[in-house]
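File shown here: work-v2.pdb, holding PDB, C-alpha atoms.
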ATOM      1  CA  GLY A   1     175.335 241.410   8.472
ATOM      2  CA  TYR A   2     173.889 244.892   8.253
ATOM      3  CA  LYS A   3     176.207 247.805   8.965
ATOM      4  CA  VAL A   4     175.368 249.761  12.102
ATOM      5  CA  CYS A   5     178.312 252.177  12.252
ATOM      6  CA  SER A   6     182.064 252.654  12.101
ATOM      7  CA  LEU A   7     184.220 253.209  15.160
ATOM      8  CA  ASP A   8     187.925 254.115  15.203
ATOM      9  CA  VAL A   9     189.362 250.681  14.355
ATOM     10  CA  SER A  10     186.266 248.568  13.859
ATOM     11  CA  ASP A  11     182.959 248.378  12.050
ATOM     12  CA  VAL A  12     179.824 247.226  13.831
ATOM     13  CA  TYR A  13     177.244 245.050  12.088
ATOM     14  CA  LEU A  14     173.936 243.596  13.147
ATOM     15  CA  ALA A  15     173.951 239.875  12.403
ATOM     16  CA  LYS A  16     171.408 238.721   9.826
ATOM     17  CA  ASP A  17     170.222 235.995  12.199
ATOM     18  CA  GLN A  18     168.538 237.784  15.098
ATOM     19  CA  ARG A  19     167.474 234.674  17.014
ATOM     20  CA  ASN A  20     169.318 236.356  19.866
ATOM     21  CA  ALA A  21     167.978 239.906  19.523
ATOM     22  CA  GLY A  22     170.858 242.334  19.216
ATOM     23  CA  HIS A  23     173.481 239.822  18.026
ATOM     24  CA  ALA A  24     176.195 242.095  16.658
ATOM     25  CA  ILE A  25     179.567 241.621  14.995
ATOM     26  CA  VAL A  26     182.559 243.871  15.679
ATOM     27  CA  VAL A  27     184.947 243.608  12.731
ATOM     28  CA  TYR A  28     188.493 244.941  12.767
ATOM     29  CA  LYS A  29     188.710 247.364   9.826
ATOM     30  CA  GLU A  30     192.145 246.490   8.520
ATOM     31  CA  ALA A  31     191.915 243.432   6.290
ATOM     32  CA  SER A  32     194.063 240.332   6.698
ATOM     33  CA  ARG A  33     195.350 241.256  10.139
ATOM     34  CA  GLU A  34     196.052 238.561  12.673
ATOM     35  CA  PHE A  35     194.918 239.409  16.177
ATOM     36  CA  HIS A  36     198.249 238.430  17.714
ATOM     37  CA  ARG A  37     200.100 240.822  15.370
ATOM     38  CA  LEU A  38     198.302 243.952  16.530
ATOM     39  CA  THR A  39     200.258 246.556  18.400
ATOM     40  CA  THR A  40     199.328 247.132  22.024
ATOM     41  CA  LEU A  41     197.548 250.355  21.055
ATOM     42  CA  GLU A  42     195.601 248.661  18.222
ATOM     43  CA  ARG A  43     194.595 245.758  20.461
ATOM     44  CA  ASN A  44     193.581 248.031  23.352
ATOM     45  CA  THR A  45     191.570 250.278  21.039
ATOM     46  CA  TYR A  46     189.785 247.320  19.465
ATOM     47  CA  PHE A  47     188.930 245.747  22.829
ATOM     48  CA  SER A  48     187.736 249.102  24.137
ATOM     49  CA  GLU A  49     185.363 249.314  21.175
ATOM     50  CA  LEU A  50     184.284 245.683  21.616
ATOM     51  CA  SER A  51     183.536 246.389  25.276
ATOM     52  CA  LYS A  52     181.510 249.490  24.378
ATOM     53  CA  VAL A  53     179.458 247.528  21.845
ATOM     54  CA  ALA A  54     178.895 244.676  24.330
ATOM     55  CA  ASN A  55     177.639 247.109  26.970
ATOM     56  CA  VAL A  56     175.225 248.642  24.467
ATOM     57  CA  ILE A  57     174.007 245.247  23.256
ATOM     58  CA  MET A  58     173.366 244.121  26.831
ATOM     59  CA  LYS A  59     171.445 247.331  27.503
ATOM     60  CA  VAL A  60     169.262 247.348  24.379
ATOM     61  CA  SER A  61     168.555 243.612  24.457
ATOM     62  CA  GLU A  62     168.122 243.418  28.234
ATOM     63  CA  ALA A  63     170.500 240.450  28.257
ATOM     64  CA  LYS A  64     171.783 238.820  31.421
ATOM     65  CA  THR A  65     175.157 238.309  29.776
ATOM     66  CA  VAL A  66     176.777 238.038  26.354
ATOM     67  CA  ASP A  67     178.864 235.406  24.642
ATOM     68  CA  TYR A  68     181.863 236.348  22.537
ATOM     69  CA  VAL A  69     182.685 234.209  19.521
ATOM     70  CA  SER A  70     185.780 235.043  17.488
ATOM     71  CA  PHE A  71     186.631 234.233  13.910
ATOM     72  CA  GLY A  72     189.814 234.935  12.013
ATOM     73  CA  LEU A  73     189.092 234.206   8.375
ATOM     74  CA  GLU A  74     192.048 233.769   6.047
ATOM     75  CA  ASP A  75     190.780 236.232   3.449
ATOM     76  CA  SER A  76     189.021 238.643   5.770
ATOM     77  CA  ASN A  77     189.229 240.759   8.878
ATOM     78  CA  PHE A  78     189.075 239.195  12.304
ATOM     79  CA  GLN A  79     185.863 239.682  14.192
ATOM     80  CA  PHE A  80     184.069 239.032  17.439
ATOM     81  CA  HIS A  81     180.379 238.205  17.568
ATOM     82  CA  VAL A  82     178.619 239.703  20.598
ATOM     83  CA  ILE A  83     175.686 237.409  21.292
ATOM     84  CA  PRO A  84     173.219 238.481  23.972
ATOM     85  CA  LYS A  85     171.871 235.747  26.182
ATOM     86  CA  CYS A  86     168.374 236.343  27.489
ATOM     87  CA  GLU A  87     166.429 233.723  29.385
ATOM     88  CA  ASN A  88     163.228 234.661  27.584
ATOM     89  CA  GLN A  89     164.722 234.037  24.123
ATOM     90  CA  ASN A  90     166.509 230.760  23.450
ATOM     91  CA  GLY A  91     167.725 229.912  26.906
ATOM     92  CA  LEU A  92     171.174 230.605  28.230
ATOM     93  CA  ASP A  93     172.654 227.515  26.584
ATOM     94  CA  ALA A  94     171.356 228.013  23.032
ATOM     95  CA  VAL A  95     173.389 227.004  19.988
ATOM     96  CA  TYR A  96     173.922 230.176  17.949
ATOM     97  CA  PHE A  97     175.041 229.032  14.549
ATOM     98  CA  ASP A  98     172.319 226.515  13.704
ATOM     99  CA  THR A  99     171.012 228.080  10.481
ATOM    100  CA  SER A 100     167.889 225.916  10.500
ATOM    101  CA  LYS A 101     166.517 228.164  13.259
ATOM    102  CA  GLU A 102     167.406 231.577  11.800
ATOM    103  CA  VAL A 103     165.297 234.595  12.675
ATOM    104  CA  LEU A 104     165.398 237.198   9.916
ATOM    105  CA  LEU A 105     163.896 240.637  10.542
ATOM    106  CA  ASP A 106     161.673 242.506   8.131
ATOM    107  CA  GLU A 107     163.064 245.821   6.902
ATOM    108  CA  GLU A 108     161.225 247.997   9.443
ATOM    109  CA  ASP A 109     162.302 245.894  12.445
ATOM    110  CA  LEU A 110     165.854 245.803  11.113
ATOM    111  CA  ILE A 111     166.001 249.589  10.763
ATOM    112  CA  GLN A 112     164.550 250.092  14.250
ATOM    113  CA  ARG A 113     167.061 247.709  15.830
ATOM    114  CA  ILE A 114     169.999 249.353  14.031
ATOM    115  CA  LEU A 115     168.834 252.844  15.045
ATOM    116  CA  LYS A 116     168.451 251.765  18.672
ATOM    117  CA  ILE A 117     172.041 250.440  18.728
ATOM    118  CA  LYS A 118     173.419 253.500  16.894
ATOM    119  CA  LYS A 119     171.701 255.835  19.334
ATOM    120  CA  ALA A 120     173.083 253.958  22.331
ATOM    121  CA  LEU A 121     176.577 254.097  20.755
ATOM    122  CA  ASN A 122     176.104 257.845  20.113
ATOM    123  CA  LYS A 123     176.699 257.338  16.379
TER
END
Take the structure in this file and express it as structure tokens.
Amino acid sequence: GYKVCSLDVSDVYLAKDQRNAGHAIVVYKEASREFHRLTTLERNTYFSELSKVANVIMKVSEAKTVDYVSFGLEDSNFQFHVIPKCENQNGLDAVYFDTSKEVLLDEEDLIQRILKIKKALNK
């Protein structure tokens, strides 16, 4: 993805595939951490940031709702994808990780989308 900003415990990225406009990824900064091993404070801080990002993504994409997809990769940080669901895009039941239908933005559209998210996050 493309880095949007850093928060206290997470980094926010815009997914390369923008089939669902605003699809973002909130990545826990500390590498090789298992979600279930976080302290209560770490977990609460991360979910507070995830919630803030989700609210912004819903606002800027005008989504009805968002889906959350989590990955914990063995050699990486855990992450949640925040995938906006808009009826006018791919329907509310779209499959998100079908790479044959990727939508890649040109540089100008990418920059504009990142700036819109950063502004809404006050970053």
> Using all atoms listed in the file, which residue out of A:Phe78, A:Phe35, A:Tyr68, A:Tyr13 lies closest to Ser51 of chain A?
Replying inline: A:Tyr68
Check which residues satisfy the PyMOL selection byres ((chain A and resi 104-108) around 8) in the file shown, then give them as a PDB file with C-alpha atoms, in the frame of the given file.
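Result file is expr_38.pdb:
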ATOM      1  CA  LYS A  16     171.408 238.721   9.826  1.00  0.00           C
ATOM      2  CA  ASP A  17     170.222 235.995  12.199  1.00  0.00           C
ATOM      3  CA  GLN A  18     168.538 237.784  15.098  1.00  0.00           C
ATOM      4  CA  ARG A  19     167.474 234.674  17.014  1.00  0.00           C
ATOM      5  CA  GLU A 102     167.406 231.577  11.800  1.00  0.00           C
ATOM      6  CA  VAL A 103     165.297 234.595  12.675  1.00  0.00           C
ATOM      7  CA  ASP A 109     162.302 245.894  12.445  1.00  0.00           C
ATOM      8  CA  LEU A 110     165.854 245.803  11.113  1.00  0.00           C
ATOM      9  CA  ILE A 111     166.001 249.589  10.763  1.00  0.00           C
ATOM     10  CA  GLN A 112     164.550 250.092  14.250  1.00  0.00           C
TER      11      GLN A 112
END
> With distances taken over all atoms listed in the file, which of A:Val69, A:Leu50, A:Ile114, A:Val4 is nearest to Ile83 of chain A?
Replying inline: A:Val69
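The coordinates place atom CA of Ile25 of chain A at 21.7 Å from atom CA of Thr40 of chain A.
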Reference answer for the PyMOL selection byres ((chain A and resi 8) around 9), as a PDB file with C-alpha atoms, in the frame of the given file:
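Done, and the output landed in expr_4.pdb:
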ATOM      1  CA  SER A   6     182.064 252.654  12.101  1.00  0.00           C
ATOM      2  CA  LEU A   7     184.220 253.209  15.160  1.00  0.00           C
ATOM      3  CA  VAL A   9     189.362 250.681  14.355  1.00  0.00           C
ATOM      4  CA  SER A  10     186.266 248.568  13.859  1.00  0.00           C
ATOM      5  CA  ASP A  11     182.959 248.378  12.050  1.00  0.00           C
ATOM      6  CA  LYS A  29     188.710 247.364   9.826  1.00  0.00           C
ATOM      7  CA  THR A  45     191.570 250.278  21.039  1.00  0.00           C
ATOM      8  CA  TYR A  46     189.785 247.320  19.465  1.00  0.00           C
ATOM      9  CA  GLU A  49     185.363 249.314  21.175  1.00  0.00           C
TER      10      GLU A  49
END
>> Running the PyMOL selection byres ((chain A and resi 85) around 7) on this model by hand, what would come out? Give it as a ChimeraX atom specification.
In response: /A:20,63-66,83-84,86-87,92
> Please, what distance in Å, to one decimal, runs between atom CA of His81 of chain A and atom CA of His23 of chain A?
Replying inline: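 We find that atom CA of His81 of chain A and atom CA of His23 of chain A lie 7.1 Å from each other.
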> In file coordinates, which residues lie within 12 Å of (173.8, 255.1, 19.3) using only C-alpha atoms, given as a list of chain:residue names?
Replying inline: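 The distance filter leaves exactly A:Val4, A:Cys5, A:Ser6, A:Leu7, A:Val12, A:Lys52, A:Val53, A:Asn55, A:Val56, A:Ile57, A:Lys59, A:Val60, A:Gln112, A:Arg113, A:Ile114, A:Leu115, A:Lys116, A:Ile117, A:Lys118, A:Lys119, A:Ala120, A:Leu121, A:Asn122, A:Lys123.
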>> Taking all atoms listed in the file into account, name the residue in A:Tyr28, A:Gly1, A:Glu34, A:Asn44 that is nearest to Ala15 of chain A.
In response: A:Gly1
> What does the distance from atom CA of Val27 of chain A to atom CA of Phe80 of chain A come to in Å, to one decimal?
Replying inline: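 Atom CA of Val27 of chain A sits 6.6 Å away from atom CA of Phe80 of chain A.
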>> So, with all atoms listed in the file as the atoms that count, which of A:Ala54, A:Ala21, A:Val26, A:Leu38 lies closest to Lys3 of chain A?
In response: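 Ranked by minimum distance to Lys3 of chain A, first place goes to A:Val26.
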